[in-house]
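What follows is the content of run-v3.txt (compact mmCIF, C-alpha atoms).
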# COMPACT_ATOMS: atom_id res chain seq x y z
CA MET Z 182 -20.73 -48.54 55.94
CA LEU Z 183 -18.98 -45.48 57.36
CA THR Z 184 -15.98 -47.49 58.53
CA SER Z 185 -15.62 -49.28 55.18
CA GLY Z 186 -15.82 -46.01 53.32
CA VAL Z 187 -13.28 -44.30 55.53
CA ILE Z 188 -10.82 -47.23 55.34
CA ALA Z 189 -11.10 -47.52 51.55
CA GLY Z 190 -10.85 -43.75 51.19
CA PHE Z 191 -7.79 -43.25 53.36
CA LEU Z 192 -5.92 -46.12 51.70
CA ALA Z 193 -6.75 -44.75 48.24
CA GLY Z 194 -5.73 -41.29 49.47
CA LEU Z 195 -2.41 -42.66 50.67
CA CYS Z 196 -1.78 -44.25 47.24
CA ALA Z 197 -2.71 -40.96 45.59
CA ALA Z 198 -0.37 -39.02 47.90
CA LEU Z 199 2.57 -41.35 47.21
CA MET Z 200 2.05 -41.08 43.46
CA GLN Z 201 1.61 -37.33 43.83
CA PHE Z 202 5.01 -37.00 45.49
CA VAL Z 203 6.82 -39.03 42.83
CA LEU Z 204 5.02 -37.84 39.69
CA VAL Z 205 3.02 -34.66 40.25
CA GLN Z 206 4.74 -32.63 42.98
CA PRO Z 207 8.04 -32.06 41.07
CA VAL Z 208 6.08 -30.58 38.14
CA LEU Z 209 4.05 -28.40 40.50
CA LEU Z 210 7.11 -27.11 42.39
CA THR Z 211 8.89 -26.33 39.12
CA ALA Z 212 5.87 -24.44 37.80
CA GLU Z 213 5.85 -22.33 40.97
CA LEU Z 214 9.32 -21.06 40.05
CA TYR Z 215 7.88 -19.71 36.78
CA GLU Z 216 4.73 -18.44 38.55
CA SER Z 217 6.79 -16.43 41.08
CA GLY Z 218 9.17 -15.19 38.39
CA GLU Z 219 12.15 -16.85 40.11
CA VAL Z 220 12.84 -18.52 36.78
CA ALA Z 221 12.19 -16.36 33.72
CA ARG Z 222 9.77 -17.59 31.08
CA GLY Z 223 11.72 -19.56 28.48
CA ALA Z 224 14.70 -20.10 30.82
CA SER Z 225 15.65 -23.70 31.45
CA ALA Z 226 15.01 -25.42 34.76
CA GLU Z 227 15.31 -28.96 36.05
CA LEU Z 228 12.32 -30.58 37.75
CA VAL Z 229 12.47 -29.64 41.42
CA ARG Z 230 12.51 -32.61 43.79
CA ALA Z 231 12.22 -31.16 47.28
CA VAL Z 232 10.73 -32.59 50.45
CA ASP Z 233 8.94 -30.21 52.81
CA PRO Z 234 7.67 -32.26 55.79
CA LEU Z 235 4.86 -29.87 56.78
CA ARG Z 236 3.62 -29.21 53.26
CA ASP Z 237 3.86 -32.88 52.25
CA GLY Z 238 2.32 -34.04 55.52
CA LEU Z 239 -0.68 -31.77 54.91
CA SER Z 240 -0.93 -33.20 51.40
CA VAL Z 241 -1.17 -36.73 52.82
CA VAL Z 242 -3.88 -35.61 55.27
CA PHE Z 243 -5.94 -33.79 52.65
CA SER Z 244 -5.48 -36.52 50.06
CA GLY Z 245 -6.89 -38.93 52.66
CA LEU Z 246 -9.79 -36.57 53.42
CA VAL Z 247 -10.69 -35.99 49.76
CA TYR Z 248 -10.67 -39.70 48.91
CA ALA Z 249 -12.47 -40.58 52.17
CA GLY Z 250 -15.19 -38.14 51.10
CA TYR Z 251 -15.41 -39.77 47.68
CA ALA Z 252 -15.37 -43.25 49.25
CA LEU Z 253 -18.27 -42.43 51.60
CA ILE Z 254 -20.39 -41.32 48.64
CA LEU Z 255 -19.35 -44.30 46.50
CA THR Z 256 -20.04 -46.79 49.30
CA ALA Z 257 -23.46 -45.21 49.93
CA ALA Z 258 -24.31 -45.53 46.22
CA MET Z 259 -23.09 -49.14 46.17
CA ALA Z 260 -25.18 -49.99 49.25
CA VAL Z 261 -28.36 -48.52 47.78
CA ALA Z 262 -27.81 -50.12 44.35
CA SER Z 263 -27.13 -53.49 45.91
CA ASP Z 264 -30.13 -53.20 48.28
CA ARG Z 265 -32.43 -52.41 45.35
CA GLY Z 266 -31.09 -55.41 43.42
CA LEU Z 267 -29.64 -53.15 40.70
CA ALA Z 268 -26.04 -54.31 41.03
CA ARG Z 269 -23.91 -57.04 42.52
CA ILE Z 270 -21.12 -55.51 44.58
CA ASP Z 271 -17.76 -57.13 45.25
CA GLY Z 272 -14.09 -56.29 44.73
CA ARG Z 273 -14.23 -56.91 40.97
CA THR Z 274 -17.37 -54.94 40.22
CA GLY Z 275 -16.13 -52.31 42.68
CA LEU Z 276 -13.22 -51.72 40.31
CA VAL Z 277 -15.67 -50.70 37.58
CA TRP Z 278 -17.48 -48.42 40.07
CA GLY Z 279 -14.13 -46.87 40.92
CA ILE Z 280 -13.34 -46.20 37.26
CA ALA Z 281 -16.81 -44.64 36.86
CA GLY Z 282 -15.97 -42.46 39.87
CA PHE Z 283 -12.73 -41.38 38.20
CA VAL Z 284 -14.62 -40.48 35.03
CA THR Z 285 -17.17 -38.55 37.12
CA VAL Z 286 -14.96 -36.41 39.32
CA GLN Z 287 -11.69 -36.19 37.41
CA LEU Z 288 -11.86 -37.09 33.71
CA ALA Z 289 -15.13 -35.35 32.79
CA PRO Z 290 -14.30 -32.06 34.59
CA ALA Z 291 -10.78 -32.23 33.08
CA VAL Z 292 -12.26 -32.13 29.55
CA GLY Z 293 -13.31 -28.54 30.27
CA LEU Z 294 -10.98 -27.60 33.12
CA PRO Z 295 -7.75 -29.60 32.88
CA PRO Z 296 -5.88 -30.07 36.19
CA GLU Z 297 -4.38 -26.63 36.79
CA LEU Z 298 -0.71 -25.98 37.17
CA PRO Z 299 0.04 -22.97 39.41
CA GLY Z 300 0.41 -19.98 37.12
CA MET Z 301 -2.03 -21.09 34.44
CA ALA Z 302 -4.45 -18.45 33.17
CA ALA Z 303 -7.98 -19.31 34.23
CA ALA Z 304 -11.50 -17.91 34.35
CA ASP Z 305 -13.24 -16.65 37.50
CA LEU Z 306 -12.91 -19.18 40.34
CA GLY Z 307 -16.59 -19.16 41.32
CA ALA Z 308 -17.67 -19.86 37.73
CA ARG Z 309 -15.17 -22.70 37.44
CA GLN Z 310 -16.26 -24.24 40.74
CA ALA Z 311 -19.90 -24.05 39.67
CA TRP Z 312 -19.15 -25.70 36.31
CA TRP Z 313 -17.04 -28.34 38.08
CA ALA Z 314 -19.83 -29.20 40.52
CA ALA Z 315 -22.51 -29.25 37.80
CA THR Z 316 -20.32 -31.44 35.59
CA VAL Z 317 -19.63 -33.90 38.41
CA ALA Z 318 -23.33 -34.12 39.30
CA SER Z 319 -24.43 -34.54 35.69
CA THR Z 320 -21.71 -37.09 34.85
CA GLY Z 321 -22.47 -39.05 38.03
CA VAL Z 322 -26.15 -39.28 37.09
CA GLY Z 323 -25.08 -40.27 33.55
CA CYS Z 324 -22.79 -43.04 34.81
CA ALA Z 325 -25.52 -44.39 37.09
CA LEU Z 326 -28.08 -44.42 34.26
CA LEU Z 327 -25.63 -46.12 31.87
CA GLY Z 328 -24.37 -48.62 34.41
CA LEU Z 329 -27.56 -49.49 36.28
CA GLY Z 330 -30.32 -48.69 33.76
CA ARG Z 331 -31.95 -51.30 31.55
CA GLY Z 332 -32.92 -50.33 28.01
CA TRP Z 333 -32.35 -47.44 25.68
CA THR Z 334 -34.36 -44.82 27.59
CA PRO Z 335 -32.05 -44.68 30.63
CA TRP Z 336 -28.97 -45.25 28.45
CA GLY Z 337 -29.91 -42.39 26.12
CA ALA Z 338 -30.66 -40.12 29.10
CA GLY Z 339 -27.29 -41.15 30.59
CA ILE Z 340 -25.41 -40.18 27.43
CA LEU Z 341 -27.22 -36.82 27.33
CA ALA Z 342 -26.43 -36.17 31.01
CA MET Z 343 -22.74 -36.91 30.38
CA ALA Z 344 -22.60 -34.75 27.24
CA ALA Z 345 -24.59 -31.75 28.52
CA PRO Z 346 -21.81 -29.98 30.52
CA HIS Z 347 -19.54 -30.07 27.47
CA VAL Z 348 -22.25 -28.72 25.17
CA VAL Z 349 -22.66 -25.81 27.63
CA GLY Z 350 -18.87 -25.49 27.85
CA ALA Z 351 -16.52 -24.69 30.72
CA PRO Z 352 -15.64 -21.09 31.65
CA SER Z 353 -12.45 -20.25 29.77
CA PRO Z 354 -9.79 -17.61 30.52
CA ASP Z 355 -9.78 -14.25 28.69
CA ALA Z 356 -6.35 -14.98 27.24
CA PHE Z 357 -4.12 -18.02 27.09
CA ALA Z 358 -1.22 -16.19 28.63
CA GLY Z 359 -0.25 -17.75 31.96
CA PRO Z 360 3.45 -18.03 32.86
CA ALA Z 361 3.32 -21.85 33.17
CA PRO Z 362 5.33 -23.49 30.35
CA PRO Z 363 3.07 -25.68 28.15
CA GLU Z 364 5.49 -28.61 28.46
CA LEU Z 365 5.02 -28.60 32.24
CA ALA Z 366 1.28 -28.03 31.99
CA SER Z 367 0.67 -31.05 29.75
CA LEU Z 368 2.95 -33.25 31.86
CA PHE Z 369 1.09 -32.12 34.97
CA ALA Z 370 -2.37 -32.79 33.52
CA ALA Z 371 -1.43 -36.26 32.25
CA ARG Z 372 0.24 -37.24 35.52
CA ALA Z 373 -2.57 -35.86 37.69
CA LEU Z 374 -5.14 -37.85 35.69
CA GLY Z 375 -3.00 -41.02 35.76
CA THR Z 376 -2.62 -40.70 39.52
CA GLY Z 377 -6.37 -40.18 39.85
CA LEU Z 378 -7.16 -43.31 37.81
CA VAL Z 379 -4.93 -45.50 39.98
CA ALA Z 380 -6.30 -44.02 43.22
CA TRP Z 381 -9.90 -44.50 42.06
CA ALA Z 382 -9.26 -48.09 40.95
CA VAL Z 383 -7.88 -48.82 44.45
CA LEU Z 384 -10.79 -46.95 46.01
CA GLY Z 385 -13.49 -48.79 44.02
CA GLY Z 386 -11.95 -52.24 44.43
CA LEU Z 387 -11.50 -51.79 48.19
CA ALA Z 388 -14.91 -50.19 48.72
CA GLY Z 389 -16.57 -53.05 46.79
CA ALA Z 390 -14.70 -55.75 48.70
CA LEU Z 391 -15.38 -54.10 52.08
CA TRP Z 392 -19.04 -53.51 51.27
CA SER Z 393 -19.59 -57.15 50.26
CA ARG Z 394 -18.06 -58.15 53.62
CA ASP Z 395 -20.29 -55.63 55.47
CA ARG Z 396 -23.35 -56.87 53.64
CA VAL Z 397 -22.82 -60.39 54.96
CA ALA Z 398 -22.21 -59.05 58.48
CA LEU Z 399 -25.37 -56.93 58.34
CA GLY Z 400 -27.40 -59.87 57.04
CA LEU Z 401 -28.59 -58.12 53.92
CA ALA Z 402 -30.33 -60.49 51.56
CA ARG Z 403 -29.36 -59.17 48.19
CA ALA Z 404 -25.96 -59.11 46.60
CA MET V 288 -26.47 -65.17 53.96
CA ASN V 289 -26.77 -66.45 57.48
CA ALA V 290 -30.48 -67.04 58.11
CA THR V 291 -30.14 -66.35 61.84
CA THR V 292 -28.76 -62.85 61.26
CA ALA V 293 -31.33 -60.09 61.60
CA ALA V 294 -31.71 -58.36 58.26
CA LEU V 295 -31.21 -54.61 58.16
CA PRO V 296 -34.39 -53.06 56.76
CA SER V 297 -34.04 -51.13 53.51
CA ALA V 298 -35.23 -47.93 55.17
CA SER V 299 -32.43 -47.87 57.74
CA LEU V 300 -29.93 -48.80 55.05
CA ALA V 301 -31.12 -45.85 52.97
CA GLY V 302 -30.78 -43.62 56.04
CA ALA V 303 -27.24 -44.85 56.69
CA ALA V 304 -26.38 -44.34 53.01
CA LEU V 305 -27.71 -40.78 53.08
CA PHE V 306 -25.75 -40.01 56.27
CA SER V 307 -22.59 -41.44 54.75
CA ALA V 308 -23.05 -39.49 51.50
CA VAL V 309 -23.68 -36.20 53.33
CA ILE V 310 -20.50 -36.59 55.41
CA GLY V 311 -18.61 -37.49 52.22
CA LEU V 312 -19.91 -34.40 50.45
CA GLY V 313 -18.93 -32.25 53.45
CA LEU V 314 -15.38 -33.60 53.36
CA ILE V 315 -15.06 -32.87 49.64
CA VAL V 316 -16.43 -29.34 49.90
CA LEU V 317 -14.11 -28.60 52.85
CA SER V 318 -10.96 -30.08 51.35
CA GLY V 319 -11.65 -29.18 47.73
CA HIS V 320 -13.69 -26.01 47.48
CA VAL V 321 -13.77 -23.77 50.55
CA GLN V 322 -11.47 -20.80 49.94
CA ALA V 323 -10.63 -19.81 53.56
CA ASP V 324 -6.92 -18.89 53.49
CA ALA V 325 -5.62 -21.48 55.96
CA LEU V 326 -7.62 -24.29 54.37
CA HIS V 327 -6.63 -23.24 50.87
CA ALA V 328 -2.93 -23.16 51.77
CA ALA V 329 -3.04 -26.52 53.56
CA ALA V 330 -4.95 -28.34 50.83
CA HIS V 331 -3.26 -26.47 47.97
CA ASP V 332 -1.12 -29.21 46.41
CA VAL V 333 -3.84 -31.86 46.69
CA ARG V 334 -6.38 -29.53 45.09
CA HIS V 335 -4.09 -29.05 42.11
CA ALA V 336 -3.21 -32.74 41.88
CA THR V 337 -6.83 -33.91 42.03
CA GLY V 338 -8.11 -31.40 39.50
CA PHE V 339 -10.18 -29.06 41.70
CA PRO V 340 -10.40 -25.47 40.48
CA CYS V 341 -7.94 -23.83 42.88
CA HIS V 342 -6.94 -20.18 42.40
Rewrite the structure of this file - the entire thing - as structure tokens.
Amino acid sequence: MLTSGVIAGFLAGLCAALMQFVLVQPVLLTAELYESGEVARGASAELVRAVDPLRDGLSVVFSGLVYAGYALILTAAMAVASDRGLARIDGRTGLVWGIAGFVTVQLAPAVGLPPELPGMAAADLGARQAWWAATVASTGVGCALLGLGRGWTPWGAGILAMAAPHVVGAPSPDAFAGPAPPELASLFAARALGTGLVAWAVLGGLAGALWSRDRVALGLARA
Amino acid sequence: MNATTAALPSASLAGAALFSAVIGLGLIVLSGHVQADALHAAAHDVRHATGFPCH
């Protein structure tokens, strides 16, 4: 289980890192010019495409670690659900699990706290991290109830769990006055989410396929 | 399933799943949330790109 999770996670992390370098990093590097004041607000700038081996190498490592972490949790959930007879796990159903994972850790938190460009105004970090963690936990429970539950009671509870963090609301900044240009910020958020969706689809599909192979090897009865 | 293969009992599977999930959570907290300077600088771009609250 650990090996499958780590393999699926690192491969998904590698996909995420490659997409990050092509799509996300140029927007981030450009925003840093506005954040540092090197380019004045309102002045024109081309998207920066620069390669920094150390910085980019660390990004590959941490992208692998983040997605390996997610993959270990996803694989554990798949194993338990399949053992209890709640779900059939293979590469195809794994894809749906991956998309649910994307909704849980990226899309739902992004509704309140969109992926941040350096230089964006934001509320207190601790408050944002707490809301992020609570939203991920609540959305994850909601996805599990919707996907694995039978009948309106678990489905209704799942919808409530997914809606609750947004009824409470994310911590918002005192003023919308960060130096990041809105054009860059929206491009960054859309590209970060797109990258996340692809990485999670890869992660879920691989984790499902590897788990169904493990299950046979371990001699587990249920699919 | 191969009938000659020894089945893994549910209890040890649940234990393995818990172990796996705890390690996974540890990795995410370390790479996504801990604010120690060196860690923050190293993971900076990935934190932004994957939507973690960063600064």
Query raised in the report: What residues in chain Z lie within 8 Å of chain V, counting only C-alpha atoms, written as a PyMOL selection string?
Result: chain Z and resi 182-183+201+205-206+209+236+239-240+243-244+246-247+249-258+260-261+264+287+290-291+294-299+306+309-310+313+373-374+377+397+399-402
Query raised in the report: What's the 8 Å shell around Tyr248 of chain Z, counting only C-alpha atoms, without same-chain residues fewer than 4 positions away, as an MDAnalysis selection string?
Result: chainID Z and resid 190:191 193:194 244 252 384
Report task. Please provide the set of residues having any atom within 6 Å of Gly389 of chain Z, restricted to all atoms listed in the file, with same-chain residues fewer than 5 positions apart removed, written as a list of chain:residue names. Result ->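 Counting all atoms listed in the file, the residues come to Z:Ile270, Z:Asp271, Z:Gly272, Z:Gly275.
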**Report entry** For atom CA of Ala382 of chain Z and atom CA of Cys324 of chain Z, the interatomic separation in Å (one decimal)
**Finding:** 15.7 Å
Report summary line: atom CA of Pro352 of chain Z to atom CA of Ala304 of chain Z measures 5.9 Å
Query raised in the report: Looking at Z:Ser393, Z:Thr334, Z:Thr316, Z:Thr376, which one is nearest to Gly350 of chain Z, with distances taken over all atoms listed in the file?
Result: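 Ranking Z:Ser393, Z:Thr334, Z:Thr316, Z:Thr376 by distance to Gly350 of chain Z, first place goes to Z:Thr316.
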Requested in this report: Could you check how far atom CA of Ala318 of chain Z sits from atom CA of Val286 of chain Z, in Å to one decimal?
Outcome: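 If I compute the distance from atom CA of Ala318 of chain Z to atom CA of Val286 of chain Z, I get 8.7 Å.
Ranking Z:Gly386, Z:Gly293, Z:Gly245, Z:Pro354 by their shortest atom-to-atom distance to Leu199 of chain Z, with all atoms listed in the file included, puts Z:Gly245 first.
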